[in-house]
Each structure stands twice: as structure tokens, then as C-alpha cells.
$ cat query-v3.cif   # mmCIF, C-alpha atoms
data_target
loop_
_atom_site.group_PDB
_atom_site.id
_atom_site.type_symbol
_atom_site.label_atom_id
_atom_site.label_comp_id
_atom_site.auth_asym_id
_atom_site.auth_seq_id
_atom_site.Cartn_x
_atom_site.Cartn_y
_atom_site.Cartn_z
ATOM 1 C CA MET A 1 61.988 59.376 -69.588
ATOM 2 C CA PRO A 2 65.593 58.669 -70.409
ATOM 3 C CA GLY A 3 67.979 61.093 -68.801
ATOM 4 C CA SER A 4 65.445 62.397 -66.288
ATOM 5 C CA GLY A 5 67.052 60.520 -63.407
ATOM 6 C CA GLU A 6 63.757 58.785 -62.602
ATOM 7 C CA SER A 7 63.268 55.064 -62.907
ATOM 8 C CA GLU A 8 60.814 53.731 -65.447
ATOM 9 C CA ILE A 9 58.118 51.850 -63.526
ATOM 10 C CA VAL A 10 55.767 49.613 -65.480
ATOM 11 C CA LEU A 11 52.979 47.350 -64.235
ATOM 12 C CA ILE A 12 52.522 44.321 -66.504
ATOM 13 C CA PRO A 13 49.515 41.996 -66.160
ATOM 14 C CA LEU A 14 50.633 38.692 -64.661
ATOM 15 C CA ASP A 15 50.935 35.750 -67.063
ATOM 16 C CA GLU A 16 52.888 32.462 -66.891
ATOM 17 C CA PRO A 17 56.213 33.885 -68.158
ATOM 18 C CA GLY A 18 55.765 36.845 -65.820
ATOM 19 C CA LEU A 19 55.063 34.486 -62.925
ATOM 20 C CA GLU A 20 58.385 32.702 -63.476
ATOM 21 C CA ARG A 21 60.164 36.078 -63.523
ATOM 22 C CA LEU A 22 58.276 37.135 -60.387
ATOM 23 C CA LEU A 23 59.383 33.992 -58.542
ATOM 24 C CA ALA A 24 63.003 34.597 -59.550
ATOM 25 C CA ALA A 25 62.791 38.171 -58.236
ATOM 26 C CA ALA A 26 61.218 37.018 -54.965
ATOM 27 C CA VAL A 27 63.880 34.354 -54.415
ATOM 28 C CA ALA A 28 66.685 36.817 -55.161
ATOM 29 C CA ASP A 29 65.391 39.806 -53.225
ATOM 30 C CA ALA A 30 62.747 38.943 -50.599
ATOM 31 C CA GLU A 31 62.008 36.575 -47.760
ATOM 32 C CA PRO A 32 59.145 34.124 -48.367
ATOM 33 C CA ALA A 33 57.046 35.588 -45.523
ATOM 34 C CA GLU A 34 57.196 39.002 -47.227
ATOM 35 C CA VAL A 35 55.605 37.788 -50.463
ATOM 36 C CA MET A 36 53.383 34.776 -49.776
ATOM 37 C CA PRO A 37 51.373 32.930 -47.121
ATOM 38 C CA PRO A 38 53.337 30.748 -44.681
ATOM 39 C CA VAL A 39 54.464 27.270 -45.735
ATOM 40 C CA GLU A 40 55.570 24.649 -43.210
ATOM 41 C CA GLY A 41 59.193 23.567 -43.305
ATOM 42 C CA PRO A 42 62.711 24.897 -42.928
ATOM 43 C CA ALA A 43 63.443 28.581 -43.482
ATOM 44 C CA GLY A 44 64.233 30.028 -46.888
ATOM 45 C CA TRP A 45 63.158 29.428 -50.451
ATOM 46 C CA THR A 46 62.744 25.646 -50.378
ATOM 47 C CA GLU A 47 61.390 23.803 -53.389
ATOM 48 C CA ALA A 48 58.062 23.444 -51.543
ATOM 49 C CA ARG A 49 57.891 27.239 -51.029
ATOM 50 C CA ARG A 50 58.725 27.919 -54.667
ATOM 51 C CA GLU A 51 55.952 25.561 -55.782
ATOM 52 C CA ALA A 52 53.537 27.105 -53.257
ATOM 53 C CA PHE A 53 54.354 30.599 -54.571
ATOM 54 C CA LEU A 54 53.547 29.525 -58.134
ATOM 55 C CA ALA A 55 50.369 27.691 -57.076
ATOM 56 C CA PHE A 56 49.206 30.680 -54.998
ATOM 57 C CA HIS A 57 49.412 33.083 -57.938
ATOM 58 C CA ARG A 58 47.994 30.629 -60.441
ATOM 59 C CA ARG A 59 44.996 30.008 -58.181
ATOM 60 C CA ARG A 60 44.370 33.657 -57.254
ATOM 61 C CA SER A 61 45.142 35.361 -60.569
ATOM 62 C CA LEU A 62 45.786 33.107 -63.563
ATOM 63 C CA ASN A 63 43.253 30.279 -63.449
ATOM 64 C CA PRO A 64 39.963 31.685 -64.809
ATOM 65 C CA ASP A 65 37.984 29.212 -62.672
ATOM 66 C CA THR A 66 39.557 30.296 -59.371
ATOM 67 C CA ALA A 67 40.918 33.835 -59.939
ATOM 68 C CA ILE A 68 39.840 36.366 -57.320
ATOM 69 C CA GLU A 69 42.237 39.221 -58.039
ATOM 70 C CA THR A 70 44.205 40.987 -60.736
ATOM 71 C CA THR A 71 47.966 40.879 -60.280
ATOM 72 C CA TRP A 72 50.662 42.859 -62.035
ATOM 73 C CA VAL A 73 54.402 42.345 -62.196
ATOM 74 C CA VAL A 74 56.207 45.531 -61.137
ATOM 75 C CA GLU A 75 59.122 46.255 -63.454
ATOM 76 C CA VAL A 76 61.629 48.976 -62.657
ATOM 77 C CA ASP A 77 63.968 49.895 -65.493
ATOM 78 C CA GLY A 78 63.142 46.575 -67.185
ATOM 79 C CA GLU A 79 63.828 44.410 -64.111
ATOM 80 C CA VAL A 80 61.141 42.628 -62.078
ATOM 81 C CA ARG A 81 61.137 44.144 -58.586
ATOM 82 C CA GLY A 82 57.817 43.010 -57.119
ATOM 83 C CA ALA A 83 54.086 42.621 -57.580
ATOM 84 C CA ALA A 84 50.897 44.615 -57.120
ATOM 85 C CA ARG A 85 47.335 43.381 -56.879
ATOM 86 C CA LEU A 86 43.716 44.463 -56.608
ATOM 87 C CA ARG A 87 40.981 42.206 -55.294
ATOM 88 C CA PRO A 88 37.326 43.228 -55.368
ATOM 89 C CA VAL A 89 35.610 42.736 -52.015
ATOM 90 C CA SER A 90 31.996 43.484 -51.336
ATOM 91 C CA GLY A 91 31.419 46.407 -49.034
ATOM 92 C CA ARG A 92 28.279 47.450 -47.243
ATOM 93 C CA SER A 93 27.003 49.669 -50.027
ATOM 94 C CA ALA A 94 29.608 49.939 -52.771
ATOM 95 C CA LEU A 95 32.404 47.984 -54.374
ATOM 96 C CA GLU A 96 35.628 47.958 -52.409
ATOM 97 C CA VAL A 97 38.992 46.851 -53.701
ATOM 98 C CA GLU A 98 41.737 45.484 -51.514
ATOM 99 C CA ALA A 99 45.241 46.361 -52.644
ATOM 100 C CA GLY A 100 48.541 44.667 -52.041
ATOM 101 C CA VAL A 101 52.094 45.526 -53.050
ATOM 102 C CA TRP A 102 55.409 43.871 -52.348
ATOM 103 C CA LEU A 103 58.779 45.051 -53.495
ATOM 104 C CA GLY A 104 62.133 43.326 -53.238
ATOM 105 C CA ARG A 105 64.577 44.792 -50.725
ATOM 106 C CA SER A 106 66.672 46.496 -53.422
ATOM 107 C CA ALA A 107 63.623 48.443 -54.675
ATOM 108 C CA ARG A 108 62.467 49.754 -51.317
ATOM 109 C CA GLY A 109 62.912 53.342 -50.175
ATOM 110 C CA ARG A 110 63.084 54.762 -53.707
ATOM 111 C CA GLY A 111 59.489 56.026 -54.118
ATOM 112 C CA ILE A 112 58.499 53.018 -56.231
ATOM 113 C CA GLY A 113 55.763 51.909 -53.825
ATOM 114 C CA ARG A 114 54.197 55.377 -53.961
ATOM 115 C CA LYS A 115 54.106 55.317 -57.769
ATOM 116 C CA VAL A 116 52.729 51.761 -57.867
ATOM 117 C CA THR A 117 50.026 52.710 -55.355
ATOM 118 C CA ALA A 118 49.024 55.688 -57.516
ATOM 119 C CA VAL A 119 48.571 53.304 -60.475
ATOM 120 C CA LEU A 120 46.486 50.956 -58.300
ATOM 121 C CA LEU A 121 44.292 53.851 -57.140
ATOM 122 C CA ASP A 122 43.711 54.872 -60.764
ATOM 123 C CA ALA A 123 42.892 51.269 -61.733
ATOM 124 C CA ALA A 124 40.444 51.002 -58.814
ATOM 125 C CA ARG A 125 38.694 54.244 -59.820
ATOM 126 C CA ASP A 126 38.623 53.192 -63.479
ATOM 127 C CA GLY A 127 37.071 49.873 -62.425
ATOM 128 C CA GLY A 128 34.252 51.635 -60.593
ATOM 129 C CA ALA A 129 35.425 51.009 -57.039
ATOM 130 C CA ALA A 130 34.176 53.383 -54.370
ATOM 131 C CA LYS A 131 36.595 52.372 -51.633
ATOM 132 C CA PHE A 132 40.264 51.309 -51.515
ATOM 133 C CA VAL A 133 41.418 49.172 -48.582
ATOM 134 C CA ALA A 134 44.745 47.682 -47.521
ATOM 135 C CA THR A 135 46.211 45.984 -44.463
ATOM 136 C CA THR A 136 49.711 46.179 -43.044
ATOM 137 C CA THR A 137 51.428 45.708 -39.704
ATOM 138 C CA VAL A 138 52.313 48.325 -37.105
ATOM 139 C CA ASP A 139 56.019 47.618 -37.589
ATOM 140 C CA ASN A 140 55.887 48.330 -41.352
ATOM 141 C CA ALA A 141 56.642 52.052 -41.160
ATOM 142 C CA ALA A 142 57.112 52.412 -44.929
ATOM 143 C CA ALA A 143 53.670 50.966 -45.680
ATOM 144 C CA ARG A 144 52.085 53.153 -42.990
ATOM 145 C CA ARG A 145 53.672 56.276 -44.520
ATOM 146 C CA LEU A 146 52.641 55.212 -47.998
ATOM 147 C CA LEU A 147 49.028 54.569 -46.993
ATOM 148 C CA SER A 148 48.656 57.720 -44.927
ATOM 149 C CA GLY A 149 50.205 59.653 -47.832
ATOM 150 C CA THR A 150 47.264 58.607 -50.027
ATOM 151 C CA GLY A 151 44.904 60.223 -47.543
ATOM 152 C CA ALA A 152 43.716 56.860 -46.240
ATOM 153 C CA GLU A 153 42.286 56.593 -42.741
ATOM 154 C CA LEU A 154 44.386 54.166 -40.672
ATOM 155 C CA ASP A 155 42.770 52.003 -38.003
ATOM 156 C CA VAL A 156 45.152 50.225 -35.630
ATOM 157 C CA HIS A 157 44.013 47.019 -33.947
ATOM 158 C CA GLY A 158 46.676 44.986 -32.247
ATOM 159 C CA ALA A 159 49.632 44.359 -34.549
ATOM 160 C CA GLU A 160 47.655 45.169 -37.704
ATOM 161 C CA ILE A 161 46.598 48.372 -39.413
ATOM 162 C CA ASP A 162 43.674 48.650 -41.809
ATOM 163 C CA ALA A 163 43.675 51.508 -44.292
ATOM 164 C CA HIS A 164 40.473 52.849 -45.851
ATOM 165 C CA LEU A 165 40.244 55.447 -48.602
ATOM 166 C CA GLU A 166 37.044 56.671 -50.231
ATOM 167 C CA LEU A 167 37.586 57.040 -53.981
#

$ encode --input "query-v3.cif" --output "C-alpha cells"
Amino acid sequence: MPGSGESEIVLIPLDEPGLERLLAAAVADAEPAEVMPPVEGPAGWTEARREAFLAFHRRRSLNPDTAIETTWVVEVDGEVRGAARLRPVSGRSALEVEAGVWLGRSARGRGIGRKVTAVLLDAARDGGAAKFVATTTVDNAAARRLLSGTGAELDVHGAEIDAHLEL
């Protein structure tokens, strides 16, 4: 709503143009380890890391033969600020979905993660999921607050925390 003082947050299904925009946002506003699996080599956004980022998302979300999750580009006031994803995983008795969100540094601490998570929860429910799960680390206080704020049960084991929420 213009003039309301709140940012407009939109989740856009990932496509090739969106992937290029997502990479640019990651390079400008996040460390590689915050947004993708590790890649050998010197620190920073090397060409190899940029290519690995693109290949990772193409394999997991864009290639119909290998896709295992749905990914969205998170836009805030028309600017790409991060990504959100849902991946179906089989549970003991009902469909579970694993969620993931990353936001660039400039978008953190503004309530954007909370709003994105609410959209993911709605998408999981609409897709018939019975359980919502996520993993973070004990030192990620913002993610812990966000997950506990959804009502999720948090299980700490070592440096990791698993969150579980019945839908």
C-alpha cells in the first residue's frame, strides 16, 4: 500500500531472468556461504562461485528433470532482496515441506523474513502439507526468533536447530 510506510513484499516464481537478478542481489548483499553450498577456492564471489550458484538453482528448481523444490525471488519495493523455497520431503505419515529463506544484509531486521515465512506457510498448507520443517544454526538468533514466532517446536542438537510445525 503506497503511503502506509510498509514495504511491498512480493514472492515471484524463479525463472532464468529472475535467477540472474537473484545472483546479482546475492553478490551485492550476501556472503556466498549465506546463500549456497560451499565451493572450494578463495573467499568471495569468484567466477566459480557465481557459476555454482546458477547451476545449483537450475538443478534444484528450474530444470524439470532434476527439480526438487519450488523457489521464489523475494522482491522488496521492486528490488530483489533474497530467495525463499519449499521442498517436499516425505515424513512418517504425511507430507512435510522443508522451507528455506535467505535475505541480503540490507533487508534483514525489517520484518521481511516474518512476512516471507507467512507466505511460505500458506503455500505449504495450500499444497496439502501437514508439517513445516526448517533448519538453522544456534548462532542465527534472527532465524530462531522467526521460527519460534511461528509456533514451531525447536530441537537443538549441537550447532544446529531443527524446527517442526504441524500445519

$ resolve_selection --input "query-v3.cif" --expression "the PyMOL selection byres ((chain A and resi 13) around 8)" --output "ChimeraX atom specification"
/A:11-12,14-15,70-73

$ resolve_selection --input "query-v3.cif" --expression "the PyMOL selection byres ((chain A and resi 77) around 10)" --output "NGL selection string"
:A and (6-10 or 74-76 or 78-81)

$ resolve_selection --input "query-v3.cif" --expression "the PyMOL selection byres ((chain A and resi 35) around 12)" --output "PyMOL selection string"
chain A and resi 22-23+25-27+29-34+36-39+45+49-50+52-54+56-57+81-85+100-105

$ atom_distance --input "query-v3.cif" --atom1 "CA of Glu166 (chain A)" --atom2 "CA of Glu69 (chain A)"
19.8 Å

$ atom_distance --input "query-v3.cif" --atom1 "CA of Leu167 (chain A)" --atom2 "CA of Phe132 (chain A)"
6.8 Å

$ atom_distance --input "query-v3.cif" --atom1 "CA of Asp162 (chain A)" --atom2 "CA of Val133 (chain A)"
7.2 Å

$ residues_around --input "query-v3.cif" --residues "Ala152 (chain A)" --least-positions-apart "2" --cutoff "8 Å" --atoms "all atoms listed in the file" --output "list in words"
Leu147, Ser148, Gly149, Thr150, Leu154, Ala163, His164, Leu165 and Glu166 of chain A

$ write_last_selection --input "query-v3.cif" --atoms "C-alpha atoms" --output "compact mmCIF listing (two decimals), in the coordinates of the input"
# COMPACT_ATOMS: atom_id res chain seq x y z
CA LEU A 147 49.03 54.57 -46.99
CA SER A 148 48.66 57.72 -44.93
CA GLY A 149 50.20 59.65 -47.83
CA THR A 150 47.26 58.61 -50.03
CA LEU A 154 44.39 54.17 -40.67
CA ALA A 163 43.68 51.51 -44.29
CA HIS A 164 40.47 52.85 -45.85
CA LEU A 165 40.24 55.45 -48.60
CA GLU A 166 37.04 56.67 -50.23

$ residues_around --input "query-v3.cif" --residues "Asp122 (chain A)" --least-positions-apart "6" --cutoff "12 Å" --atoms "all atoms listed in the file" --output "list in words"
Leu86, Val97, Ala99, Lys115, Val116, Gly128, Ala129, Ala130, Lys131, Phe132, Thr150 and Leu167 of chain A

$ write_last_selection --input "query-v3.cif" --atoms "C-alpha atoms" --output "PDB file, in the coordinates of the input"
ATOM      1  CA  LEU A  86      43.716  44.463 -56.608  1.00  0.00           C
ATOM      2  CA  VAL A  97      38.992  46.851 -53.701  1.00  0.00           C
ATOM      3  CA  ALA A  99      45.241  46.361 -52.644  1.00  0.00           C
ATOM      4  CA  LYS A 115      54.106  55.317 -57.769  1.00  0.00           C
ATOM      5  CA  VAL A 116      52.729  51.761 -57.867  1.00  0.00           C
ATOM      6  CA  GLY A 128      34.252  51.635 -60.593  1.00  0.00           C
ATOM      7  CA  ALA A 129      35.425  51.009 -57.039  1.00  0.00           C
ATOM      8  CA  ALA A 130      34.176  53.383 -54.370  1.00  0.00           C
ATOM      9  CA  LYS A 131      36.595  52.372 -51.633  1.00  0.00           C
ATOM     10  CA  PHE A 132      40.264  51.309 -51.515  1.00  0.00           C
ATOM     11  CA  THR A 150      47.264  58.607 -50.027  1.00  0.00           C
ATOM     12  CA  LEU A 167      37.586  57.040 -53.981  1.00  0.00           C
TER      13      LEU A 167
END

$ residues_near_point --input "query-v3.cif" --point "(57.3, 52.1, -45.4)" --cutoff "12 Å" --atoms "all atoms listed in the file" --output "number ranges by chain"
A: 101-103, 105, 107-114, 136-149

$ closest_residue --input "query-v3.cif" --among "A:Thr117, A:Ser90, A:Ser61, A:Thr135" --to "Glu160 (chain A)" --atoms "all atoms listed in the file"
A:Thr135

$ residues_around --input "query-v3.cif" --residues "Ile68 (chain A)" --least-positions-apart "5" --cutoff "10 Å" --atoms "all atoms listed in the file" --output "PyMOL selection string"
chain A and resi 59-63+86-89
